[in-house]
Amino acid sequence: MRTNRTSQYGWQRIKSMTGALAAFAVMAFAFTGCGGGGGGGGIAAPGVPTSFTVVRTPSVTLSATLTWSPPTTGGAPASYEIYRSTTAGTAFQPANHLVSIPMVAGQATYTFIDNAGLAAVNTYWVVSAKNAGGETPTAEVMFKPIGPPGGTGDTGFGNNFSAALVFADDIGIGGLPITGTWTTDLASIDYNTGLRPLSTEVLPVTTLPYLDPLTAILVGGVTYYKQQTDSTWQGQWEKGATAAQHVTATWGDNLISQNLTANSVIRVEMVLSKVLTTAMTSYTMKSLYGTNQNEIQGTDGTTYDNLTALVFASNAHLKIQKLDGTGATVGAPLYDQTLWSGDGPGFLAGEISVSGNFTYGFVWNLKSQVLPGDIPTKTGTWRLTFSLDPTSPKSTPNNTFIDTAANGVRVSDTEVYLDIVVQ
């Protein structure tokens, strides 16, 4: 089963061996004076960072741990810039800039753990020391990240749930029955929800929330603790089987705003939400750095009263069909799935996103899709249908009803659809 996923992508986390990072900002590229001095009003460029190594991150697949020490010559660095590429000789280029790490006075060793979308291929890293006088890079270091056995499995920590959630039929994201209630008491947590902390994550978690200072960064003077690290928190959830859940259905914005082509990998998302009469506890989240697949978010540990809850119903059903020019369906559905039909891309699943919200997720790799003979082309109009079956794969009756659709078309209180055009 697949739980606590953010589609099929990896993410990043930073740790300092001597303390939490002081401040964080993705810095603009200023290559004038790279490797030399005199480019910043008489400020000497730093020398080359020393003792630069890239090794495997213990117990985390598709990850690399970078370590280095400050340069011993030149001006004092203001920051260290990390670059990464899968093509030898190209890492130190603006397009391959990954992240900027501020220099901390007196710090003797720096560590950066990179598990953002890595593949098990030869990968080349550079770290540079930078100040107003210029930027000086190390030589490239090659390392091949080690993938999970068989090419599938965990790539590290999952995302923490940060919002408010109702389990409509008392079934957790992974398909197990929920018997407990939401609590911050580690001894009483119901692991069947599928939310972090998982049963395998009890250690090093000692309290909930568990905010590890080694995962902290400062943004605007506020300390945040990053997703997909050993820091752990959990927004409030409730069981909902004793009452009907009336929800709004919302398709993911990317299905409407992005230009979809026959070479696209299409991320299909559906969110069910409801308005609460009694607020539930949620954690404040902020985007810290990165964009799109490599975005990192985190919490400062503060909570707020949330009057909107997300809803998970195990009766969820996704269908993808091709339409002809008249709006009629062509052939059999390309996909026709309930939850827990399989694991990984191409299977409908309940997921926790990097922002800490719950969504139904499906990765449709149209680029590699082999069409059946009765569907002649990938281009044209496709209909995505989300419905709630009378009985779930766990034999629970449906008690979730769609009152409104924020986008797409509401067919009934158990069915909505969205037509998308592939060009």
# chains A, B, ... in the order shown; residues from 1 in each chain; ligands from 1
>>> residues_around(residues="region 255-269 of chain A", least_positions_apart="4", cutoff="12 Å", atoms="only C-alpha atoms", output="JSON list (two decimals) with C-alpha atoms, in the first residue's frame")
[["chain", "number", "residue", "atom", "x", "y", "z"],
["A", 6, "THR", "CA", 3.77, 13.39, -2.42],
["A", 7, "SER", "CA", 3.27, 11.86, -5.80],
["A", 8, "GLN", "CA", 6.42, 10.03, -6.88],
["A", 9, "TYR", "CA", 9.03, 12.67, -6.24],
["A", 249, "ALA", "CA", -15.21, 18.52, -4.80],
["A", 250, "THR", "CA", -12.24, 20.34, -6.33],
["A", 251, "TRP", "CA", -10.04, 19.13, -9.17],
["A", 292, "ASN", "CA", 7.22, 22.64, -8.41],
["A", 293, "GLN", "CA", 8.46, 19.10, -7.81],
["A", 318, "LEU", "CA", -11.44, 7.39, -10.75],
["A", 319, "LYS", "CA", -12.23, 6.83, -14.42],
["A", 320, "ILE", "CA", -10.38, 8.23, -17.46],
["A", 345, "PRO", "CA", 2.36, 5.75, -10.64],
["A", 346, "GLY", "CA", -0.79, 4.77, -12.50],
["A", 347, "PHE", "CA", -2.74, 3.89, -9.35],
["A", 348, "LEU", "CA", -5.23, 6.00, -7.41],
["A", 349, "ALA", "CA", -4.07, 6.71, -3.86],
["A", 350, "GLY", "CA", -4.67, 8.88, -0.84],
["A", 351, "GLU", "CA", -1.69, 11.21, -0.38],
["A", 352, "ILE", "CA", -0.31, 13.89, 1.90],
["A", 353, "SER", "CA", 1.15, 16.76, -0.12],
["A", 357, "ASN", "CA", -2.90, 18.72, 2.91],
["A", 358, "PHE", "CA", -4.72, 15.53, 1.91],
["A", 359, "THR", "CA", -5.50, 14.80, -1.73],
["A", 360, "TYR", "CA", -6.50, 11.89, -3.92],
["A", 361, "GLY", "CA", -3.61, 11.54, -6.35],
["A", 362, "PHE", "CA", -3.00, 9.75, -9.63],
["A", 363, "VAL", "CA", 0.05, 10.07, -11.91],
["A", 364, "TRP", "CA", -0.99, 9.57, -15.53],
["A", 365, "ASN", "CA", 2.11, 9.08, -17.66],
["A", 366, "LEU", "CA", 0.49, 9.95, -20.94],
["A", 367, "LYS", "CA", 3.91, 10.38, -22.53],
["A", 368, "SER", "CA", 4.63, 6.65, -22.16],
["A", 369, "GLN", "CA", 1.01, 5.51, -22.45],
["A", 370, "VAL", "CA", 0.34, 2.65, -24.85],
["A", 371, "LEU", "CA", -3.18, 3.15, -26.18],
["A", 377, "THR", "CA", -4.73, 9.22, -30.65],
["A", 378, "LYS", "CA", -3.61, 10.76, -27.36],
["A", 379, "THR", "CA", -4.60, 14.25, -28.45],
["A", 380, "GLY", "CA", -8.15, 15.50, -28.08],
["A", 381, "THR", "CA", -10.57, 15.60, -25.16],
["A", 382, "TRP", "CA", -10.37, 13.27, -22.19],
["A", 383, "ARG", "CA", -12.96, 12.98, -19.42],
["A", 384, "LEU", "CA", -11.82, 12.48, -15.82],
["A", 385, "THR", "CA", -14.63, 11.18, -13.61],
["A", 386, "PHE", "CA", -14.43, 11.03, -9.82],
["A", 407, "ASN", "CA", -14.71, 23.24, -10.87],
["A", 408, "GLY", "CA", -15.73, 20.69, -13.44],
["A", 417, "TYR", "CA", -16.22, 15.05, -13.97],
["A", 418, "LEU", "CA", -13.72, 17.33, -15.69],
["A", 419, "ASP", "CA", -12.95, 17.42, -19.40],
["A", 420, "ILE", "CA", -9.35, 18.23, -20.32],
["A", 421, "VAL", "CA", -7.87, 18.90, -23.76],
["A", 422, "VAL", "CA", -4.58, 17.29, -24.74],
["A", 423, "GLN", "CA", -2.89, 19.11, -27.60]]
>>> select_by_dssp(residues="region 79-232 of chain A", states="helix (DSSP H, G or I)", output="number ranges by chain")
A: 94-96, 149-151, 186-188, 191-193, 199-201, 213-215
>>> write_last_selection(atoms="N, CA and C atoms", output="compact mmCIF listing (two decimals), in the first residue's frame")
# COMPACT_ATOMS: atom_id res chain seq x y z
N PRO A 94 24.50 28.37 -14.05
CA PRO A 94 23.32 28.92 -13.38
C PRO A 94 22.11 28.01 -13.40
N ALA A 95 21.88 27.31 -14.52
CA ALA A 95 20.70 26.46 -14.63
C ALA A 95 20.74 25.28 -13.67
N ASN A 96 21.93 24.95 -13.18
CA ASN A 96 22.08 23.79 -12.30
C ASN A 96 22.22 24.18 -10.83
N PRO A 149 15.53 -1.25 -3.59
CA PRO A 149 15.51 -2.55 -4.26
C PRO A 149 14.37 -2.64 -5.27
N GLY A 150 14.69 -3.10 -6.46
CA GLY A 150 13.66 -3.28 -7.47
C GLY A 150 13.17 -1.98 -8.08
N GLY A 151 13.74 -0.85 -7.70
CA GLY A 151 13.34 0.42 -8.28
C GLY A 151 12.12 1.04 -7.63
N LEU A 186 2.06 10.16 22.43
CA LEU A 186 2.68 9.15 21.56
C LEU A 186 2.26 7.74 21.92
N ALA A 187 1.98 7.49 23.19
CA ALA A 187 1.59 6.14 23.62
C ALA A 187 0.20 5.76 23.14
N SER A 188 -0.59 6.74 22.69
CA SER A 188 -1.99 6.47 22.34
C SER A 188 -2.30 6.70 20.87
N TYR A 191 -1.89 4.28 14.69
CA TYR A 191 -1.07 4.26 13.48
C TYR A 191 -1.86 3.87 12.23
N ASN A 192 -3.07 3.35 12.40
CA ASN A 192 -3.86 2.93 11.25
C ASN A 192 -4.35 4.09 10.39
N THR A 193 -4.19 5.32 10.88
CA THR A 193 -4.55 6.46 10.03
C THR A 193 -3.65 6.55 8.80
N SER A 199 4.28 3.80 12.49
CA SER A 199 4.74 2.90 13.55
C SER A 199 6.23 2.68 13.49
N THR A 200 6.82 2.87 12.32
CA THR A 200 8.27 2.71 12.15
C THR A 200 9.04 3.97 12.51
N GLU A 201 8.33 5.05 12.88
CA GLU A 201 8.97 6.32 13.15
C GLU A 201 8.87 6.74 14.62
N PRO A 213 15.89 20.45 15.97
CA PRO A 213 16.62 21.68 15.60
C PRO A 213 17.57 21.49 14.44
N LEU A 214 17.98 20.25 14.15
CA LEU A 214 18.87 20.01 13.02
C LEU A 214 18.14 20.06 11.68
N THR A 215 16.81 20.21 11.71
CA THR A 215 16.05 20.38 10.47
C THR A 215 15.53 21.80 10.33
>>> atom_distance(atom1="CA of Val411 (chain A)", atom2="CA of Ser387 (chain A)")
9.5 Å
>>> closest_residue(among="A:Ala168, A:Leu198, A:Glu295, A:Thr72", to="Gly117 (chain A)", atoms="only C-alpha atoms")
A:Glu295
>>> closest_residue(among="A:Asp403, A:Asp212, A:Asp190, A:Asp389", to="Trp233 (chain A)", atoms="only C-alpha atoms")
A:Asp212
>>> residues_around(residues="Trp182 (chain A)", least_positions_apart="2", cutoff="8 Å", atoms="only C-alpha atoms", output="ChimeraX atom specification")
/A:180,184,189-190,236-238
>>> select_by_dssp(residues="region 218-375 of chain A", states="strand (DSSP E)", output="VMD selection string")
chain A and resid 218 to 219 222 to 226 237 to 239 245 to 251 265 to 289 296 to 312 316 to 323 329 to 338 349 to 352 358 to 365
>>> atom_distance(atom1="CA of Gly47 (chain A)", atom2="CA of Thr136 (chain A)")
6.1 Å
>>> closest_residue(among="A:Gly175, A:Pro77, A:Gly147, A:Pro71", to="Phe52 (chain A)", atoms="only C-alpha atoms")
A:Pro71
>>> atom_distance(atom1="CA of Val271 (chain A)", atom2="CA of Ala164 (chain A)")
12.7 Å
>>> residues_around(residues="Lys239 (chain A)", least_positions_apart="5", cutoff="8 Å", atoms="only C-alpha atoms", output="list in words")
Val166, Phe167, Ala168, Asp169, Asp170, Ile178 and Thr181 of chain A
